[in-house]
$ cat input_38.cif   # mmCIF, C-alpha atoms
data_structure
loop_
_atom_site.label_atom_id
_atom_site.label_comp_id
_atom_site.auth_asym_id
_atom_site.auth_seq_id
_atom_site.Cartn_x
_atom_site.Cartn_y
_atom_site.Cartn_z
CA GLY A 1 46.08 54.43 15.79
CA ARG A 2 44.73 52.89 12.63
CA ASN A 3 42.56 50.45 14.62
CA LEU A 4 40.61 53.30 16.22
CA ALA A 5 37.83 55.44 14.73
CA TRP A 6 36.08 58.55 16.03
CA LYS A 7 32.33 57.89 16.32
CA ARG A 8 29.68 59.81 18.22
CA GLY A 9 32.15 61.79 20.28
CA ARG A 10 34.45 58.90 21.28
CA PHE A 11 37.05 56.54 19.93
CA THR A 12 35.97 52.99 19.08
CA SER A 13 38.05 50.08 17.84
CA ARG A 14 37.34 48.26 14.61
CA SER A 15 36.80 45.05 16.56
CA ASP A 16 34.04 46.83 18.50
CA ASP A 17 32.43 47.81 15.20
CA ARG A 18 32.57 44.25 13.96
CA ARG A 19 30.97 42.99 17.15
CA ARG A 20 28.20 45.56 16.90
CA ARG A 21 27.51 44.70 13.26
CA ALA A 22 27.46 41.00 14.11
CA SER A 23 25.11 41.69 17.00
CA ARG A 24 22.73 43.68 14.78
CA LYS A 25 22.85 40.94 12.12
CA TRP A 26 22.10 38.28 14.75
CA ARG A 27 19.15 40.28 16.09
CA ARG A 28 17.75 40.71 12.57
CA ALA A 29 18.16 36.99 11.87
CA ARG A 30 16.54 36.14 15.19
CA GLY A 31 13.69 38.47 14.42
CA GLY A 32 13.28 36.86 11.00
CA THR A 33 13.25 33.40 12.58
CA HIS A 34 10.58 34.46 15.07
CA ALA A 35 8.54 36.01 12.26
CA ALA A 36 8.77 32.85 10.18
CA ALA A 37 7.79 30.74 13.19
CA ASN A 38 4.79 33.00 13.81
CA VAL A 39 3.69 32.67 10.18
CA ALA A 40 4.03 28.88 10.36
CA HIS A 41 2.10 28.74 13.63
CA GLN A 42 -0.65 30.92 12.19
CA GLY A 43 -0.82 28.69 9.12
CA LEU A 44 -1.26 25.54 11.20
CA MET A 45 -3.90 27.23 13.36
CA ALA A 46 -5.72 28.41 10.23
CA SER A 47 -5.72 24.83 8.92
CA LEU A 48 -7.02 23.49 12.22
CA ALA A 49 -9.70 26.18 12.34
CA LEU A 50 -10.90 25.37 8.82
CA ASP A 51 -10.90 21.66 9.60
CA MET A 52 -12.97 22.02 12.75
CA ALA A 53 -15.29 24.57 11.13
CA ILE A 54 -16.13 22.05 8.42
CA GLN A 55 -16.85 19.39 11.03
CA GLY A 56 -18.94 21.83 13.06
CA VAL A 57 -21.11 22.76 10.11
CA GLY A 58 -21.40 19.10 9.15
CA TRP A 59 -22.49 18.19 12.67
CA MET A 60 -25.14 20.92 12.82
CA VAL A 61 -26.67 20.00 9.47
CA SER A 62 -26.47 16.25 10.09
CA SER A 63 -27.92 16.52 13.59
CA THR A 64 -30.79 18.61 12.30
CA TRP A 65 -31.61 16.17 9.52
CA LYS A 66 -30.59 13.11 11.55
CA THR A 67 -28.46 11.76 8.74
CA GLU A 68 -24.93 10.36 8.42
CA LYS A 69 -24.70 10.83 4.66
CA PHE A 70 -22.51 13.93 4.94
CA PHE A 71 -19.96 12.37 7.30
CA ASP A 72 -17.60 10.74 4.80
CA LEU A 73 -18.19 13.50 2.25
CA LEU A 74 -17.00 16.22 4.62
CA GLY A 75 -14.31 14.03 6.15
CA THR A 76 -12.47 13.45 2.90
CA GLY A 77 -13.54 16.87 1.65
CA SER A 78 -11.67 18.43 4.57
CA PHE A 79 -8.39 17.04 3.22
CA LEU A 80 -9.09 18.63 -0.13
CA ALA A 81 -10.02 21.95 1.50
CA LEU A 82 -6.83 21.96 3.61
CA SER A 83 -4.66 21.13 0.61
CA LEU A 84 -6.16 24.04 -1.34
CA GLN A 85 -5.91 26.47 1.57
CA GLY A 86 -2.33 25.46 2.38
CA SER A 87 -1.25 25.94 -1.22
CA GLN A 88 -1.71 29.70 -0.64
CA PHE A 89 0.77 29.87 2.25
CA PRO A 90 4.13 31.55 1.41
CA ALA A 91 6.23 28.44 2.11
CA ALA A 92 4.02 26.34 -0.17
CA GLN A 93 4.11 28.80 -3.05
CA LYS A 94 7.93 28.66 -3.14
CA ASN A 95 8.20 24.88 -2.92
CA PRO A 96 7.26 22.57 -5.84
CA LYS A 97 7.24 19.60 -3.46
CA ALA A 98 4.48 21.21 -1.42
CA LYS A 99 2.35 21.28 -4.56
CA LEU A 100 3.16 17.63 -5.30
CA ILE A 101 2.23 16.50 -1.78
CA ALA A 102 -0.96 18.56 -1.86
CA GLY A 103 -1.80 16.89 -5.17
CA MET A 104 -1.19 13.43 -3.68
CA VAL A 105 -3.46 14.17 -0.72
CA GLY A 106 -6.10 15.80 -2.90
CA THR A 107 -6.16 12.92 -5.38
CA TRP A 108 -6.56 10.39 -2.59
CA ALA A 109 -9.32 12.46 -0.96
CA VAL A 110 -11.34 12.84 -4.18
CA ARG A 111 -11.07 9.13 -5.01
CA LEU A 112 -11.92 7.84 -1.54
CA GLY A 113 -14.60 10.45 -0.93
CA THR A 114 -16.36 9.64 -4.21
CA PHE A 115 -16.30 5.93 -3.37
CA LEU A 116 -17.56 6.33 0.20
CA VAL A 117 -20.33 8.77 -0.68
CA ALA A 118 -21.53 6.58 -3.55
CA ARG A 119 -21.53 3.58 -1.22
CA VAL A 120 -23.51 5.25 1.56
CA PHE A 121 -26.13 6.54 -0.87
CA ARG A 122 -26.39 3.13 -2.54
CA THR A 123 -26.82 1.27 0.74
CA GLY A 124 -29.05 3.97 2.23
CA GLY A 125 -26.96 4.63 5.33
CA ASP A 126 -24.16 3.57 7.65
CA SER A 127 -24.99 1.34 10.61
CA ARG A 128 -22.11 2.87 12.65
CA PHE A 129 -24.27 5.94 13.24
CA ASP A 130 -27.65 4.37 13.93
CA ASP A 131 -27.60 5.48 17.57
CA ALA A 132 -25.42 8.57 17.29
CA LYS A 133 -27.34 10.45 14.59
CA THR A 134 -30.38 10.80 16.88
CA ASN A 135 -28.23 11.96 19.81
CA PRO A 136 -26.66 15.38 19.03
CA LEU A 137 -24.01 15.23 21.77
CA LYS A 138 -22.92 11.72 20.85
CA PHE A 139 -22.89 12.70 17.18
CA LEU A 140 -20.70 15.69 18.06
CA VAL A 141 -18.10 13.31 19.46
CA TYR A 142 -17.96 11.48 16.13
CA TRP A 143 -17.56 14.70 14.18
CA SER A 144 -14.92 16.03 16.59
CA MET A 145 -12.95 12.79 16.32
CA GLN A 146 -13.09 13.09 12.56
CA GLY A 147 -11.62 16.58 12.84
CA VAL A 148 -8.70 15.23 14.87
CA TRP A 149 -8.22 12.40 12.36
CA VAL A 150 -8.09 14.87 9.46
CA PHE A 151 -5.60 17.22 11.13
CA VAL A 152 -3.19 14.57 12.42
CA THR A 153 -3.29 12.57 9.20
CA ALA A 154 -2.65 15.67 7.08
CA LEU A 155 0.37 16.77 9.16
CA PRO A 156 3.06 15.97 6.55
CA MET A 157 1.28 18.15 4.01
CA LEU A 158 0.47 20.90 6.51
CA LEU A 159 4.02 21.10 7.86
CA VAL A 160 5.53 21.32 4.37
CA GLN A 161 3.00 23.99 3.41
CA THR A 162 3.67 26.11 6.51
CA GLN A 163 7.32 25.42 7.41
CA GLY A 164 8.82 23.63 4.43
CA ILE A 165 12.03 24.68 2.73
CA LYS A 166 12.86 24.53 -0.96
CA SER A 167 15.30 21.70 -1.65
CA GLY A 168 16.48 19.52 -4.50
CA TRP A 169 14.81 16.25 -5.35
CA THR A 170 16.09 13.31 -3.33
CA CYS A 171 15.80 9.52 -3.19
CA THR A 172 13.27 9.82 -0.35
CA ASP A 173 11.06 11.96 -2.60
CA VAL A 174 11.10 9.31 -5.32
CA LEU A 175 10.61 6.44 -2.89
CA GLY A 176 7.80 8.28 -1.15
CA PHE A 177 5.98 8.93 -4.40
CA MET A 178 6.42 5.27 -5.40
CA LEU A 179 5.00 4.10 -2.06
CA TRP A 180 2.07 6.46 -2.44
CA THR A 181 1.41 5.17 -5.97
CA VAL A 182 1.49 1.54 -4.84
CA GLY A 183 -0.75 2.23 -1.85
CA PHE A 184 -3.17 4.29 -3.92
CA MET A 185 -3.46 1.59 -6.58
CA VAL A 186 -3.92 -1.21 -4.03
CA GLU A 187 -6.60 0.67 -2.11
CA SER A 188 -8.43 1.77 -5.27
CA THR A 189 -8.30 -1.70 -6.81
CA ALA A 190 -9.49 -3.43 -3.63
CA ASP A 191 -12.40 -1.01 -3.22
CA LEU A 192 -13.42 -1.43 -6.86
CA GLN A 193 -13.22 -5.23 -6.66
CA LYS A 194 -15.43 -5.31 -3.57
CA TRP A 195 -17.87 -2.85 -5.12
CA ARG A 196 -18.26 -5.03 -8.23
CA PHE A 197 -18.59 -8.16 -6.11
CA ARG A 198 -21.49 -6.64 -4.21
CA GLN A 199 -23.25 -5.56 -7.41
CA ILE A 200 -23.85 -9.21 -8.34
CA PRO A 201 -27.18 -10.33 -6.79
CA SER A 202 -26.01 -13.92 -6.29
CA ASN A 203 -23.20 -12.67 -4.01
CA LYS A 204 -25.60 -11.19 -1.46
CA GLY A 205 -24.66 -12.37 2.01
CA LYS A 206 -21.33 -13.83 0.83
CA PHE A 207 -17.79 -12.73 1.60
CA ILE A 208 -15.35 -11.77 -1.15
CA GLN A 209 -12.33 -13.97 -1.80
CA THR A 210 -11.30 -12.98 -5.30
CA GLY A 211 -8.79 -10.48 -6.67
CA LEU A 212 -6.64 -8.88 -3.98
CA TRP A 213 -9.08 -10.25 -1.42
CA LYS A 214 -7.85 -13.73 -2.28
CA TYR A 215 -4.54 -12.89 -0.58
CA SER A 216 -5.57 -10.34 2.04
CA ARG A 217 -8.66 -9.89 4.20
CA HIS A 218 -8.15 -6.12 4.25
CA PRO A 219 -6.11 -5.05 1.19
CA ASN A 220 -7.78 -1.64 1.07
CA TYR A 221 -6.52 -0.83 4.57
CA PHE A 222 -3.04 -2.04 3.65
CA GLY A 223 -3.06 0.33 0.67
CA GLU A 224 -4.14 3.28 2.79
CA MET A 225 -1.40 2.71 5.35
CA VAL A 226 1.25 2.42 2.63
CA LEU A 227 0.18 5.58 0.82
CA TRP A 228 0.35 7.68 3.99
CA PHE A 229 3.84 6.38 4.73
CA GLY A 230 4.64 7.45 1.17
CA ILE A 231 3.30 10.96 1.77
CA TRP A 232 5.34 11.24 4.96
CA MET A 233 8.50 10.06 3.19
CA SER A 234 7.90 12.60 0.42
CA SER A 235 7.84 15.37 3.03
CA ILE A 236 11.17 14.52 4.71
CA SER A 237 13.49 16.53 2.46
CA SER A 238 11.28 19.62 2.65
CA LEU A 239 11.19 19.84 6.44
CA PRO A 240 14.06 21.79 8.03
CA ASN A 241 14.79 19.56 11.04
CA ARG A 242 14.31 16.10 12.52
CA GLY A 243 11.82 17.38 15.05
CA LEU A 244 9.33 18.29 12.33
CA ASN A 245 10.04 14.98 10.57
CA GLY A 246 9.12 13.21 13.80
CA ILE A 247 5.91 15.20 14.12
CA ALA A 248 5.01 14.40 10.50
CA LEU A 249 5.62 10.70 11.18
CA ALA A 250 2.64 10.82 13.54
CA SER A 251 0.44 10.78 10.43
CA PRO A 252 1.09 7.26 9.07
CA LEU A 253 1.53 5.86 12.58
CA PHE A 254 -1.84 7.31 13.59
CA VAL A 255 -3.52 5.92 10.47
CA THR A 256 -1.98 2.50 11.10
CA PHE A 257 -3.07 2.53 14.74
CA LEU A 258 -6.66 3.48 13.89
CA LEU A 259 -7.00 0.90 11.15
CA CYS A 260 -5.31 -1.95 13.02
CA LYS A 261 -6.48 -1.33 16.58
CA VAL A 262 -9.56 0.91 16.67
CA SER A 263 -12.05 1.44 13.85
CA GLY A 264 -10.88 -0.67 10.93
CA VAL A 265 -9.68 -4.24 11.15
CA PRO A 266 -11.04 -5.11 14.64
CA LEU A 267 -14.61 -4.07 13.82
CA LEU A 268 -14.69 -5.83 10.46
CA GLU A 269 -13.06 -8.98 11.79
CA GLU A 270 -15.61 -9.12 14.61
CA ALA A 271 -18.50 -8.59 12.20
CA ALA A 272 -17.17 -11.22 9.78
CA ASP A 273 -16.71 -13.77 12.56
CA ALA A 274 -20.27 -13.16 13.75
CA LYS A 275 -21.68 -13.54 10.24
CA TRP A 276 -19.58 -16.32 8.71
CA GLY A 277 -17.56 -17.73 11.61
CA ASN A 278 -19.51 -21.02 11.62
CA LEU A 279 -18.89 -21.62 7.91
CA ARG A 280 -16.07 -23.99 7.10
CA GLU A 281 -15.36 -22.11 3.88
CA TYR A 282 -14.78 -18.89 5.80
CA GLN A 283 -12.65 -20.61 8.43
CA GLU A 284 -10.41 -22.01 5.68
CA TYR A 285 -10.28 -18.62 3.98
CA LYS A 286 -9.30 -16.91 7.21
CA GLN A 287 -6.61 -19.45 8.04
CA GLY A 288 -5.13 -19.36 4.54
CA THR A 289 -5.25 -15.59 3.96
CA ARG A 290 -3.06 -12.84 5.38
CA LEU A 291 -4.66 -10.10 7.43
CA LEU A 292 -3.20 -7.17 5.47
CA LEU A 293 -0.32 -7.83 3.06
CA PRO A 294 -1.86 -8.95 -0.28
CA ILE A 295 0.56 -11.73 -1.17
CA PRO A 296 0.12 -15.53 -1.04
CA LYS A 297 0.50 -16.94 2.47
#
$ encode --input "input_38.cif" --output "structure tokens"
Amino acid sequence: GRNLAWKRGRFTSRSDDRRRRASRKWRRARGGTHAAANVAHQGLMASLALDMAIQGVGWMVSSTWKTEKFFDLLGTGSFLALSLQGSQFPAAQKNPKAKLIAGMVGTWAVRLGTFLVARVFRTGGDSRFDDAKTNPLKFLVYWSMQGVWVFVTALPMLLVQTQGIKSGWTCTDVLGFMLWTVGFMVESTADLQKWRFRQIPSNKGKFIQTGLWKYSRHPNYFGEMVLWFGIWMSSISSLPNRGLNGIALASPLFVTFLLCKVSGVPLLEEAADAKWGNLREYQEYKQGTRLLLPIPK
């Protein structure tokens, strides 16, 4: 009949042929999916390896010289290195948004790194590392934790660079870039205002309560949290599924947790209370000023 064909010494139906072709197509697609997943996995592992290699070298040099002056330099420098490395991955080269996000991360890293390095060289050191820098194993913990911070925080960029898909521009892209811009400007302005305040000799030993610091006790931290939420939001449309979006969300949540509960606000609030807690002026400032959001209370 017309639905049968002679192939390889036997009759086969056209429906059998269609099923075989569909099966071969499915196997090729599955193989392509596995190959893409392997490339993405290798890209993430390459980023992690570069990140930890930078921290390892930094630890060895810093432990040898017993100095903390390379810590912030290599911490923020790691973000820049990962953004440049990831820009060479196939998924990143095909996606303009990957380049934009890498530029956002790189710009933040250069600005913050320049500020922190200039500050540590001006002040002569960082009291956080007074004990650790003479204890190689303890110092290694600090450097390892920095490596984890870099990798988790950079996840939106890394996932777009390794597994991102090319898509049209969306409202979340625009909103994300706007959030990043606001956060970047707030953090930069707050850092600059505090830097200038400390350059005035008569302000030595005083706390700042001008500029953004008039409305917030930690406006720089607020800006950093906002900009990382902006970077995450900018990555949403380039990630192929909600699972990866959820993983990327770990970045701003992790930054917020560290700044609000671990190494940022708690330490500075404790230090400020110990230094100025008995001053009425500081008590009034603290009661009348928001912790983070830089708007009148």
$ closest_atom_pairs --input "input_38.cif" --of "range 184-240 of chain A" --to "range 160-180 of chain A" --cutoff "8 Å" --atoms "all atoms listed in the file" --output "JSON lines"
{"residue": "A:Phe184", "atom": "CA", "partner": "A:Trp180", "partner_atom": "CA", "distance": 5.9}
{"residue": "A:Val226", "atom": "CA", "partner": "A:Leu179", "partner_atom": "CA", "distance": 6.2}
{"residue": "A:Leu227", "atom": "CA", "partner": "A:Trp180", "partner_atom": "CA", "distance": 3.9}
{"residue": "A:Trp228", "atom": "CA", "partner": "A:Trp180", "partner_atom": "CA", "distance": 6.8}
{"residue": "A:Phe229", "atom": "CA", "partner": "A:Leu179", "partner_atom": "CA", "distance": 7.3}
{"residue": "A:Gly230", "atom": "CA", "partner": "A:Gly176", "partner_atom": "CA", "distance": 4.0}
{"residue": "A:Ile231", "atom": "CA", "partner": "A:Gly176", "partner_atom": "CA", "distance": 6.0}
{"residue": "A:Trp232", "atom": "CA", "partner": "A:Gly176", "partner_atom": "CA", "distance": 7.2}
{"residue": "A:Met233", "atom": "CA", "partner": "A:Gly176", "partner_atom": "CA", "distance": 4.7}
{"residue": "A:Ser234", "atom": "CA", "partner": "A:Asp173", "partner_atom": "CA", "distance": 4.4}
{"residue": "A:Ser235", "atom": "CA", "partner": "A:Val160", "partner_atom": "CA", "distance": 6.5}
{"residue": "A:Ile236", "atom": "CA", "partner": "A:Thr172", "partner_atom": "CA", "distance": 7.2}
{"residue": "A:Ser237", "atom": "CA", "partner": "A:Ser167", "partner_atom": "CA", "distance": 6.8}
{"residue": "A:Ser238", "atom": "CA", "partner": "A:Gly164", "partner_atom": "CA", "distance": 5.0}
{"residue": "A:Leu239", "atom": "CA", "partner": "A:Gly164", "partner_atom": "CA", "distance": 4.9}
{"residue": "A:Pro240", "atom": "CA", "partner": "A:Ile165", "partner_atom": "CA", "distance": 6.4}
$ residues_around --input "input_38.cif" --residues "Phe89 in chain A" --least-positions-apart "6" --cutoff "12 Å" --atoms "only C-alpha atoms" --output "list of chain:residue names"
A:Ala36, A:Val39, A:Ala40, A:His41, A:Gln42, A:Gly43, A:Leu44, A:Ala46, A:Ser47, A:Leu82, A:Ser83, A:Asn95, A:Ala98, A:Lys99, A:Met157, A:Leu158, A:Leu159, A:Val160, A:Gln161, A:Thr162, A:Gln163, A:Gly164
$ atom_distance --input "input_38.cif" --atom1 "CA of His218 in chain A" --atom2 "CA of Gly147 in chain A"
24.5 Å
$ resolve_selection --input "input_38.cif" --expression "the PyMOL selection byres ((chain A and resi 140) around 12)" --output "ChimeraX atom specification"
/A:52,55-64,68,71,129,132-139,141-147
$ resolve_selection --input "input_38.cif" --expression "the PyMOL selection byres ((chain A and resi 297) around 12)" --output "short mmCIF file (atom, residue, chain, number, x, y, z; two decimals) with C-alpha atoms, in the coordinates of the input"
data_model
loop_
_atom_site.label_atom_id
_atom_site.label_comp_id
_atom_site.auth_asym_id
_atom_site.auth_seq_id
_atom_site.Cartn_x
_atom_site.Cartn_y
_atom_site.Cartn_z
CA LYS A 214 -7.85 -13.73 -2.28
CA TYR A 215 -4.54 -12.89 -0.58
CA SER A 216 -5.57 -10.34 2.04
CA ARG A 217 -8.66 -9.89 4.20
CA TYR A 285 -10.28 -18.62 3.98
CA LYS A 286 -9.30 -16.91 7.21
CA GLN A 287 -6.61 -19.45 8.04
CA GLY A 288 -5.13 -19.36 4.54
CA THR A 289 -5.25 -15.59 3.96
CA ARG A 290 -3.06 -12.84 5.38
CA LEU A 291 -4.66 -10.10 7.43
CA LEU A 292 -3.20 -7.17 5.47
CA LEU A 293 -0.32 -7.83 3.06
CA PRO A 294 -1.86 -8.95 -0.28
CA ILE A 295 0.56 -11.73 -1.17
CA PRO A 296 0.12 -15.53 -1.04
#
$ residues_around --input "input_38.cif" --residues "range 247-251 of chain A" --least-positions-apart "6" --cutoff "7 Å" --atoms "all atoms listed in the file" --output "PDB file with C-alpha atoms, keeping the file's coordinate frame"
ATOM      1  CA  VAL A 152      -3.190  14.570  12.420  1.00  0.00           C
ATOM      2  CA  THR A 153      -3.290  12.570   9.200  1.00  0.00           C
ATOM      3  CA  ALA A 154      -2.650  15.670   7.080  1.00  0.00           C
ATOM      4  CA  LEU A 155       0.370  16.770   9.160  1.00  0.00           C
ATOM      5  CA  PRO A 156       3.060  15.970   6.550  1.00  0.00           C
ATOM      6  CA  TRP A 232       5.340  11.240   4.960  1.00  0.00           C
TER       7      TRP A 232
END
$ axis_aligned_box --input "input_38.cif" --around "range 48-57 of chain A" --padding-each-side "8 Å" --output "AutoDock Vina command-line options"
--center_x -14.1 --center_y 22.8 --center_z 10.7 --size_x 30.1 --size_y 22.8 --size_z 20.6
$ closest_residue --input "input_38.cif" --among "A:Ala274, A:Arg242, A:Ile101, A:Arg196" --to "Arg119 in chain A" --atoms "only C-alpha atoms"
A:Arg196
$ closest_residue --input "input_38.cif" --among "A:Gly264, A:Gly113, A:Gly183, A:Gly211" --to "Leu73 in chain A" --atoms "only C-alpha atoms"
A:Gly113
$ closest_residue --input "input_38.cif" --among "A:Arg122, A:Arg128, A:Lys261, A:Lys275" --to "Gln199 in chain A" --atoms "all atoms listed in the file"
A:Arg122
$ atom_distance --input "input_38.cif" --atom1 "CA of Leu267 in chain A" --atom2 "CA of Val110 in chain A"
24.9 Å
$ atom_distance --input "input_38.cif" --atom1 "CA of Trp195 in chain A" --atom2 "CA of Leu253 in chain A"
27.7 Å
